[in-house]
Structures are given as structure tokens and as C-alpha cells.
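**Q** Have a peek at final-v4.cif (mmCIF, C-alpha atoms).
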```cif
data_model
loop_
_atom_site.label_atom_id
_atom_site.label_comp_id
_atom_site.auth_asym_id
_atom_site.auth_seq_id
_atom_site.Cartn_x
_atom_site.Cartn_y
_atom_site.Cartn_z
CA MET R 146 -20.27 11.88 17.10
CA THR R 147 -18.62 8.46 17.32
CA SER R 148 -14.86 8.66 17.58
CA LYS R 149 -12.86 6.82 14.98
CA THR R 150 -10.78 3.79 15.94
CA ALA R 151 -7.11 4.10 15.02
CA LYS R 152 -5.85 0.91 13.35
CA ILE R 153 -2.30 2.24 12.83
CA ARG R 154 -0.67 4.96 14.89
CA LEU R 155 2.97 6.02 14.53
CA LYS R 156 4.45 8.49 16.98
CA SER R 157 7.82 10.22 16.41
CA ILE R 158 9.24 7.38 14.28
CA SER R 159 12.89 7.73 13.24
CA LYS R 160 15.06 5.24 11.36
CA SER R 161 18.64 5.21 10.06
CA PHE R 162 20.77 2.72 8.15
CA ILE R 163 24.53 2.31 8.36
CA VAL R 164 26.11 3.27 5.04
CA ASN R 165 29.90 3.13 4.68
CA GLY R 166 30.21 2.88 8.43
CA LYS R 167 28.09 5.97 9.14
CA PRO R 168 24.41 6.31 10.10
CA LYS R 169 22.25 7.59 7.23
CA PRO R 170 18.90 8.99 8.44
CA VAL R 171 15.91 7.76 6.41
CA LEU R 172 12.87 8.62 8.56
CA THR R 173 12.74 11.50 11.02
CA ASP R 174 10.01 12.14 13.61
CA ILE R 175 7.15 10.61 11.58
CA ASP R 176 3.62 10.90 13.00
CA PHE R 177 1.01 8.91 11.08
CA THR R 178 -2.52 7.67 11.80
CA VAL R 179 -4.89 5.46 9.83
CA ASN R 180 -8.39 4.88 11.16
CA GLU R 181 -10.56 1.82 10.78
CA GLY R 182 -11.95 1.37 7.27
CA GLU R 183 -9.89 4.17 5.74
CA LEU R 184 -7.84 4.09 2.57
CA VAL R 185 -4.81 6.32 3.10
CA SER R 186 -2.04 7.02 0.59
CA ILE R 187 1.60 7.94 1.08
CA VAL R 188 3.40 9.92 -1.63
CA GLY R 189 6.89 11.38 -1.73
CA PRO R 190 10.05 11.69 -3.83
CA SER R 191 11.59 8.46 -5.07
CA GLY R 192 13.96 7.05 -2.46
CA CYS R 193 12.61 9.11 0.42
CA GLY R 194 11.83 6.12 2.65
CA LYS R 195 8.27 5.05 1.87
CA THR R 196 9.09 1.33 1.69
CA THR R 197 11.15 1.59 4.87
CA LEU R 198 8.11 3.13 6.57
CA PHE R 199 5.99 0.18 5.40
CA ASN R 200 8.59 -2.28 6.69
CA VAL R 201 8.50 -0.61 10.09
CA ILE R 202 4.68 -0.74 10.20
CA ALA R 203 4.67 -4.42 9.22
CA GLY R 204 7.35 -5.32 11.77
CA LEU R 205 9.96 -6.33 9.19
CA GLU R 206 12.24 -3.64 10.59
CA GLU R 207 12.24 -1.81 13.91
CA ALA R 208 12.43 1.94 14.28
CA ASP R 209 15.38 3.49 16.11
CA ALA R 210 13.01 5.73 18.05
CA GLY R 211 9.28 6.30 18.43
CA MET R 212 6.19 4.13 18.88
CA VAL R 213 4.28 1.89 16.47
CA GLU R 214 0.77 0.93 17.55
CA VAL R 215 -1.33 -1.54 15.52
CA ASN R 216 -4.90 -2.30 16.60
CA GLY R 217 -4.18 -0.48 19.84
CA ASP R 218 -1.21 -2.72 20.66
CA PRO R 219 2.13 -0.89 21.11
CA THR R 220 4.21 -4.10 21.33
CA ASN R 221 6.70 -5.18 18.66
CA GLN R 222 4.73 -8.34 17.78
CA ARG R 223 3.40 -7.11 14.42
CA LEU R 224 4.70 -9.77 12.03
CA GLY R 225 1.82 -11.76 10.54
CA LYS R 226 -0.82 -9.30 11.73
CA ILE R 227 -0.78 -7.09 8.63
CA GLY R 228 -1.27 -8.00 4.98
CA TYR R 229 1.62 -6.68 2.88
CA MET R 230 1.60 -6.64 -0.93
CA HIS R 231 4.97 -5.68 -2.37
CA GLN R 232 5.71 -3.76 -5.57
CA LYS R 233 6.32 -6.94 -7.57
CA ASP R 234 3.68 -9.65 -7.66
CA LEU R 235 6.25 -12.30 -6.51
CA LEU R 236 4.23 -15.15 -8.04
CA LEU R 237 6.13 -18.44 -8.16
CA PRO R 238 6.44 -19.50 -11.82
CA TRP R 239 6.16 -23.22 -11.05
CA ARG R 240 2.85 -22.89 -9.20
CA THR R 241 -0.53 -22.35 -10.84
CA VAL R 242 -2.56 -19.21 -10.18
CA LEU R 243 -4.64 -21.12 -7.63
CA ASP R 244 -1.61 -22.55 -5.85
CA ASN R 245 0.09 -19.15 -5.82
CA THR R 246 -2.92 -17.56 -4.14
CA THR R 247 -3.00 -20.23 -1.43
CA LEU R 248 0.72 -20.07 -0.58
CA GLY R 249 0.30 -17.80 2.44
CA LEU R 250 -2.45 -19.96 3.92
CA GLU R 251 -0.37 -23.10 3.44
CA LEU R 252 2.56 -21.47 5.23
CA GLN R 253 0.17 -20.75 8.11
CA GLY R 254 -0.62 -24.45 8.36
CA VAL R 255 -3.97 -24.47 6.56
CA SER R 256 -4.51 -27.72 4.64
CA ARG R 257 -4.02 -27.52 0.87
CA HIS R 258 -7.64 -28.59 0.25
CA GLN R 259 -9.08 -25.98 2.60
CA ALA R 260 -6.81 -23.24 1.27
CA ARG R 261 -7.75 -24.02 -2.33
CA GLN R 262 -11.46 -23.94 -1.49
CA LYS R 263 -11.12 -20.53 0.14
CA ALA R 264 -9.32 -19.22 -2.93
CA LEU R 265 -11.84 -20.75 -5.35
CA ASP R 266 -14.67 -18.99 -3.51
CA LEU R 267 -13.05 -15.64 -4.42
CA THR R 268 -11.61 -16.17 -7.90
CA GLU R 269 -14.68 -14.69 -9.60
CA THR R 270 -14.63 -11.61 -7.34
CA PHE R 271 -10.97 -11.09 -8.24
CA GLY R 272 -11.51 -11.59 -11.97
CA LEU R 273 -9.57 -14.86 -12.07
CA LYS R 274 -12.41 -17.29 -12.81
CA GLY R 275 -11.31 -19.74 -15.50
CA PHE R 276 -7.60 -19.01 -14.99
CA GLU R 277 -7.08 -20.96 -11.78
CA ASN R 278 -4.93 -23.62 -13.45
CA GLN R 279 -2.88 -21.27 -15.60
CA TYR R 280 0.73 -20.43 -14.75
CA PRO R 281 1.89 -16.84 -14.14
CA PHE R 282 3.63 -16.50 -17.52
CA ALA R 283 0.24 -16.86 -19.23
CA LEU R 284 -1.36 -13.96 -17.31
CA SER R 285 -1.57 -10.27 -18.14
CA GLY R 286 0.01 -7.79 -15.76
CA GLY R 287 -3.36 -6.88 -14.29
CA MET R 288 -4.28 -10.51 -13.67
CA ARG R 289 -0.94 -11.17 -11.99
CA GLN R 290 -1.60 -8.23 -9.66
CA ARG R 291 -5.09 -9.52 -8.88
CA ALA R 292 -3.64 -12.94 -8.06
CA SER R 293 -1.09 -11.33 -5.77
CA PHE R 294 -3.80 -9.27 -4.11
CA LEU R 295 -6.00 -12.34 -3.60
CA ARG R 296 -3.05 -14.10 -1.94
CA THR R 297 -2.75 -11.14 0.43
CA MET R 298 -6.51 -10.98 1.08
CA LEU R 299 -6.74 -14.68 1.90
CA LEU R 300 -4.54 -14.11 4.94
CA ASP R 301 -7.65 -12.40 6.36
CA GLN R 302 -5.89 -9.39 7.85
CA ASP R 303 -8.03 -6.32 8.38
CA ILE R 304 -5.04 -4.03 7.70
CA MET R 305 -3.35 -4.12 4.31
CA LEU R 306 -0.22 -2.36 3.04
CA LEU R 307 -0.01 -1.98 -0.75
CA ASP R 308 3.39 -0.82 -2.02
CA GLU R 309 3.02 0.57 -5.57
CA PRO R 310 0.72 -2.34 -6.53
CA PHE R 311 -0.04 -0.97 -10.01
CA GLY R 312 3.22 0.84 -10.75
CA ALA R 313 4.41 -1.60 -13.44
CA LEU R 314 1.15 -1.63 -15.38
CA ASP R 315 0.29 0.28 -18.55
CA ALA R 316 -2.03 3.28 -18.20
CA LEU R 317 -5.23 1.52 -19.30
CA THR R 318 -4.68 -1.57 -17.15
CA ARG R 319 -3.72 0.65 -14.22
CA ALA R 320 -6.97 2.62 -14.51
CA GLN R 321 -8.97 -0.61 -14.63
CA MET R 322 -7.16 -1.93 -11.56
CA GLN R 323 -7.81 1.29 -9.64
CA GLU R 324 -11.55 1.04 -10.33
CA TRP R 325 -11.45 -2.65 -9.38
CA LEU R 326 -9.66 -1.92 -6.11
CA LEU R 327 -12.23 0.74 -5.19
CA LYS R 328 -15.12 -1.67 -5.80
CA LEU R 329 -13.43 -4.36 -3.74
CA TRP R 330 -12.64 -1.94 -0.91
CA TYR R 331 -16.25 -0.68 -0.85
CA SER R 332 -17.42 -4.27 -0.34
CA VAL R 333 -14.87 -5.52 2.23
CA LYS R 334 -13.97 -2.24 4.01
CA ASN R 335 -10.49 -3.29 5.03
CA THR R 336 -8.13 -0.62 6.29
CA ILE R 337 -5.68 0.03 3.44
CA VAL R 338 -2.45 2.04 3.24
CA LEU R 339 -1.15 2.63 -0.28
CA VAL R 340 2.26 3.83 -1.43
CA THR R 341 2.04 5.43 -4.86
CA HIS R 342 3.92 7.86 -7.10
CA ASP R 343 0.73 8.59 -9.04
CA ILE R 344 -1.03 11.72 -7.74
CA ASP R 345 -4.21 10.99 -9.70
CA GLU R 346 -4.30 7.50 -8.22
CA ALA R 347 -3.86 8.84 -4.68
CA LEU R 348 -6.69 11.36 -5.14
CA LEU R 349 -9.02 8.83 -6.76
CA LEU R 350 -8.57 6.21 -4.05
CA SER R 351 -7.79 7.96 -0.79
CA ASP R 352 -9.56 9.40 2.21
CA ARG R 353 -6.31 11.14 3.17
CA ILE R 354 -2.86 11.61 1.66
CA TYR R 355 0.42 11.96 3.55
CA VAL R 356 3.17 13.76 1.63
CA LEU R 357 6.69 12.87 2.73
CA SER R 358 9.67 15.17 2.29
CA ALA R 359 12.96 14.29 0.64
CA ARG R 360 15.22 12.02 2.70
CA PRO R 361 15.38 12.00 5.64
CA ALA R 362 11.61 11.83 5.33
CA LYS R 363 9.29 13.90 7.45
CA VAL R 364 5.55 14.38 7.02
CA LYS R 365 5.43 17.57 5.01
CA MET R 366 1.70 17.77 4.36
CA ILE R 367 -1.51 15.92 5.21
CA LEU R 368 -4.32 16.36 2.70
CA ASP R 369 -7.89 15.27 3.43
CA VAL R 370 -9.50 14.18 0.16
CA ASN R 371 -13.05 15.40 0.64
CA LEU R 372 -14.34 14.17 -2.69
CA PRO R 373 -17.69 12.34 -2.79
CA ARG R 374 -17.76 8.57 -3.17
CA PRO R 375 -18.22 6.46 -5.23
CA ARG R 376 -15.49 7.98 -7.41
CA HIS R 377 -14.80 7.55 -11.10
CA TYR R 378 -11.69 9.12 -12.58
CA HIS R 379 -13.32 10.32 -15.80
CA LYS R 380 -15.88 12.25 -13.75
CA LEU R 381 -13.44 13.58 -11.16
CA ALA R 382 -10.49 14.66 -13.29
CA SER R 383 -12.00 17.96 -14.47
CA GLN R 384 -13.66 18.97 -11.20
CA PRO R 385 -12.16 22.14 -9.65
CA ALA R 386 -11.69 20.48 -6.24
CA PHE R 387 -9.71 17.61 -7.81
CA VAL R 388 -7.62 19.95 -9.96
CA GLY R 389 -6.86 22.20 -6.98
CA MET R 390 -5.75 19.33 -4.73
CA LYS R 391 -3.63 17.87 -7.52
CA ALA R 392 -1.89 21.23 -8.00
CA ARG R 393 -1.10 21.45 -4.27
CA LEU R 394 0.34 17.94 -4.19
CA LEU R 395 2.42 18.41 -7.34
CA ASP R 396 3.83 21.69 -6.09
CA SER R 397 4.85 20.10 -2.79
CA LEU R 398 6.42 17.07 -4.49
CA HIS R 399 8.30 19.13 -7.06
CA ARG R 400 9.90 21.22 -4.32
CA GLU R 401 10.91 18.09 -2.40
CA SER R 402 12.29 16.44 -5.54
CA ARG R 403 14.63 19.39 -6.03
CA LYS R 404 15.93 18.92 -2.48
CA LYS R 405 16.48 15.21 -3.04
CA ARG R 406 19.70 15.70 -5.00
CA GLY R 407 21.60 16.04 -1.73
CA TYR R 408 20.78 12.48 -0.70
CA SER R 409 21.94 9.14 -2.06
CA ASN R 410 19.68 6.31 -3.12
CA GLU R 411 21.42 3.39 -1.43
CA ARG R 412 18.24 2.11 0.15
CA GLU R 413 14.66 3.22 0.46
#
```
Could you rewrite the structure in this file as C-alpha cells?
**A**
Amino acid sequence: MTSKTAKIRLKSISKSFIVNGKPKPVLTDIDFTVNEGELVSIVGPSGCGKTTLFNVIAGLEEADAGMVEVNGDPTNQRLGKIGYMHQKDLLLPWRTVLDNTTLGLELQGVSRHQARQKALDLTETFGLKGFENQYPFALSGGMRQRASFLRTMLLDQDIMLLDEPFGALDALTRAQMQEWLLKLWYSVKNTIVLVTHDIDEALLLSDRIYVLSARPAKVKMILDVNLPRPRHYHKLASQPAFVGMKARLLDSLHRESRKKRGYSNERE
């Protein structure tokens, strides 16, 4: 059997912030592994430290203790090596859809013409064909998210962090975006880590789910999602295996949410 290649490996990661002059632990002794081509989700109580964990992985913040290894490299030079899509689409209102999607490439020094051509080659795949010259205010929530995702994809990073990418969408649009993301992932096979509060979303998309405890966050449970692919929510939702895993995750999260009252929400 061929061993899997670890794209992200965290070992004993801890992180605190100074709040009112005192250290406030956010992450404690986190171990976390994502292998090549996997889609892994992170769930946990609101404010437990999921975004902080993403910032540490991406190199935006450094851990107080522990090791972060990306593509087998344990150095701290991670900035620019990982695609990171934040909760909000962060589209610039004065730039067209096309020019928003090329912003990252332009910041890397790619010529405007070349960047636009790369984006145009993918607008149909991302469901943006015909909207290239529209401005963000004219787009639906789902289209704004697709534009943001295309901007992230164009940076051509084989590891992508998606922080609640569909959290602000209505239920129908969210379901459509989940199916779209699965189809895209099947075709490109990037390594993706997803933060979500939606248990159904985590089960539909993921190979594995990490459940974090209330702050200070620890890995409370790791759940392998051994559901056959390709997956479609309307077919999965009533299957006993899906229902059983959902019950386990909800039970774990509900218990952690009750513990959360002892911690403040100054920063996640």
C-alpha cells in the first residue's frame, strides 16, 4: 500500500493572545494532519479558535509552541504558499468581476493582460461566464463566492484554506455551492481544509472531520467520513451511516458549547 503524503502537519500547536495584560490561551496542544488530495473539515463551538488555527497554518500568525510543516517543510516561510479564502468574499466594489479575480496575480507581478487571460479561461468553469464585466453589487451571493474562490484558485496553490466560505448564503444557494465545490474538487484534486459550522456540509464534503473543543481548543474527536463518493446530499441525508455520524458530531459539539460559557469571545 502506498503511503499518503502529508501536505499539512501540525504537532503540539499552542497559541495565546494577551487580553487585558494577561495571556489568554486559544489553542492547546493541537495535532492535525491533512494528506495530499484530501478535503478535511474543522468544526467546533463559535469562538473556539478555528480562524486562529487557519492563520497559524497560513503563516499569518506564529504559534507559541509546536511545529507547523507544510509540504514537508518545517520552516516559518509559509506566507504565499497556501491559498486562503476568508469568510467574507472581500471583493473590491470598484473593480469588475474579472479584475477582482486577477488581483492576487497582479500583486504577484503577473501582467494585467496575462492575469486576465488566465481568469477568462476559467470563468465558465466557475459559473461566471457573461458576468466578467459586472461589478460585485450586481452579483448574487453565490456568484460573489465563486468569484472569490476563482481569485484564490488563480494563485495556483495546491493547498487551500476555506474559512466558512458559504456561511452567509441562504440554504438553497449554499446547497448549490456545496455541490459545485465537490465537482470542482473532483476535477482539480487540490488539498482543501474547510472551517464550517454546518455539520451536514462537513459530512457531505469531507474525507475527515476534526472536532475542536471549547476554548482553549484541543482536538476532541477525529471522524473519518467513510461515505462513498460521488456524494449528493439528497441521497445521503437519510442513510443510517450519515445519520449516525451526524448524531455523534452534534452530541460532541453540544457538550462543548455548554462548556464555552466560561470563555470570552474577544478574538477567535
**Q** Could you jot down the atom CA of Phe162 of chain R to atom CA of Pro361 of chain R separation for me, Å, one decimal place?
**A**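 So the answer is 11.0 Å.
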**Q** Please write the residues picked by the PyMOL selection byres ((chain R and resi 265) around 12) on this file as a VMD selection string.
**A** chain R and resid 242 to 244 246 to 247 258 to 264 266 to 278 292 295 to 296 299
**Q** Find the residues near Pro375 of chain R: any atom within 9 Å, counting all atoms listed in the file, skip ones fewer than 5 places away on the same chain, and give them as a PyMOL selection string.
**A** chain R and resi 327-328+331
**Q** Between atom CA of Ile304 of chain R and atom CA of Thr336 of chain R, what distance in Å does the model show, to one decimal?
**A**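 Pair atom CA of Ile304 of chain R / atom CA of Thr336 of chain R returns 4.8 Å.
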**Q** Identify all residues satisfying the PyMOL selection byres ((chain R and resi 387-403) around 8) in the given file; provide them as an MDAnalysis selection string.
**A** chainID R and resid 189:190 344:345 348 356 358:359 372 381:386 404:406
**Q** Between atom CA of Met366 of chain R and atom CA of Gly204 of chain R, what distance in Å does the model show, to one decimal?
**A**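 Distance reported for this atom pair: 24.9 Å.
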**Q** Which is closer to Tyr355 of chain R than all the others in R:Val164, R:Ala313, R:Ile158, R:Val188, using all atoms listed in the file?
**A**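 The shortest atom-to-atom distance to Tyr355 of chain R comes from R:Val188.
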**Q** Please fill the gaps in segment 279-295 of chain R so it has N, CA and C atoms, and write that as an mmCIF file, keeping the file's coordinate frame.
**A**
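As a result, result_4.cif now contains:
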```
data_model
loop_
_atom_site.group_PDB
_atom_site.id
_atom_site.type_symbol
_atom_site.label_atom_id
_atom_site.label_comp_id
_atom_site.auth_asym_id
_atom_site.auth_seq_id
_atom_site.Cartn_x
_atom_site.Cartn_y
_atom_site.Cartn_z
ATOM 1 N N GLN R 279 -3.909 -21.853 -14.756
ATOM 2 C CA GLN R 279 -2.880 -21.270 -15.600
ATOM 3 C C GLN R 279 -1.633 -20.960 -14.754
ATOM 4 N N TYR R 280 -0.498 -20.818 -15.434
ATOM 5 C CA TYR R 280 0.730 -20.430 -14.750
ATOM 6 C C TYR R 280 0.984 -18.935 -14.961
ATOM 7 N N PRO R 281 1.734 -18.307 -14.080
ATOM 8 C CA PRO R 281 1.890 -16.840 -14.140
ATOM 9 C C PRO R 281 2.320 -16.293 -15.491
ATOM 10 N N PHE R 282 3.151 -17.027 -16.243
ATOM 11 C CA PHE R 282 3.630 -16.500 -17.520
ATOM 12 C C PHE R 282 2.489 -16.272 -18.514
ATOM 13 N N ALA R 283 1.369 -16.957 -18.302
ATOM 14 C CA ALA R 283 0.240 -16.860 -19.230
ATOM 15 C C ALA R 283 -0.706 -15.712 -18.880
ATOM 16 N N LEU R 284 -0.449 -15.003 -17.787
ATOM 17 C CA LEU R 284 -1.360 -13.960 -17.310
ATOM 18 C C LEU R 284 -0.914 -12.574 -17.768
ATOM 19 N N SER R 285 -1.880 -11.674 -17.918
ATOM 20 C CA SER R 285 -1.570 -10.270 -18.140
ATOM 21 C C SER R 285 -1.056 -9.654 -16.847
ATOM 22 N N GLY R 286 -0.485 -8.459 -16.959
ATOM 23 C CA GLY R 286 0.010 -7.790 -15.760
ATOM 24 C C GLY R 286 -1.079 -7.550 -14.738
ATOM 25 N N GLY R 287 -2.259 -7.135 -15.204
ATOM 26 C CA GLY R 287 -3.360 -6.880 -14.290
ATOM 27 C C GLY R 287 -3.827 -8.132 -13.578
ATOM 28 N N MET R 288 -3.851 -9.254 -14.295
ATOM 29 C CA MET R 288 -4.280 -10.510 -13.670
ATOM 30 C C MET R 288 -3.246 -10.995 -12.661
ATOM 31 N N ARG R 289 -1.980 -10.803 -12.958
ATOM 32 C CA ARG R 289 -0.940 -11.170 -11.990
ATOM 33 C C ARG R 289 -1.104 -10.361 -10.705
ATOM 34 N N GLN R 290 -1.411 -9.067 -10.842
ATOM 35 C CA GLN R 290 -1.600 -8.230 -9.660
ATOM 36 C C GLN R 290 -2.833 -8.660 -8.873
ATOM 37 N N ARG R 291 -3.895 -9.048 -9.579
ATOM 38 C CA ARG R 291 -5.090 -9.520 -8.880
ATOM 39 C C ARG R 291 -4.807 -10.824 -8.132
ATOM 40 N N ALA R 292 -4.012 -11.689 -8.746
ATOM 41 C CA ALA R 292 -3.640 -12.940 -8.060
ATOM 42 C C ALA R 292 -2.824 -12.652 -6.813
ATOM 43 N N SER R 293 -1.897 -11.715 -6.925
ATOM 44 C CA SER R 293 -1.090 -11.330 -5.770
ATOM 45 C C SER R 293 -1.954 -10.718 -4.676
ATOM 46 N N PHE R 294 -2.917 -9.910 -5.088
ATOM 47 C CA PHE R 294 -3.800 -9.270 -4.110
ATOM 48 C C PHE R 294 -4.700 -10.296 -3.431
ATOM 49 N N LEU R 295 -5.183 -11.277 -4.199
ATOM 50 C CA LEU R 295 -6.000 -12.340 -3.600
ATOM 51 C C LEU R 295 -5.176 -13.114 -2.575
#
```
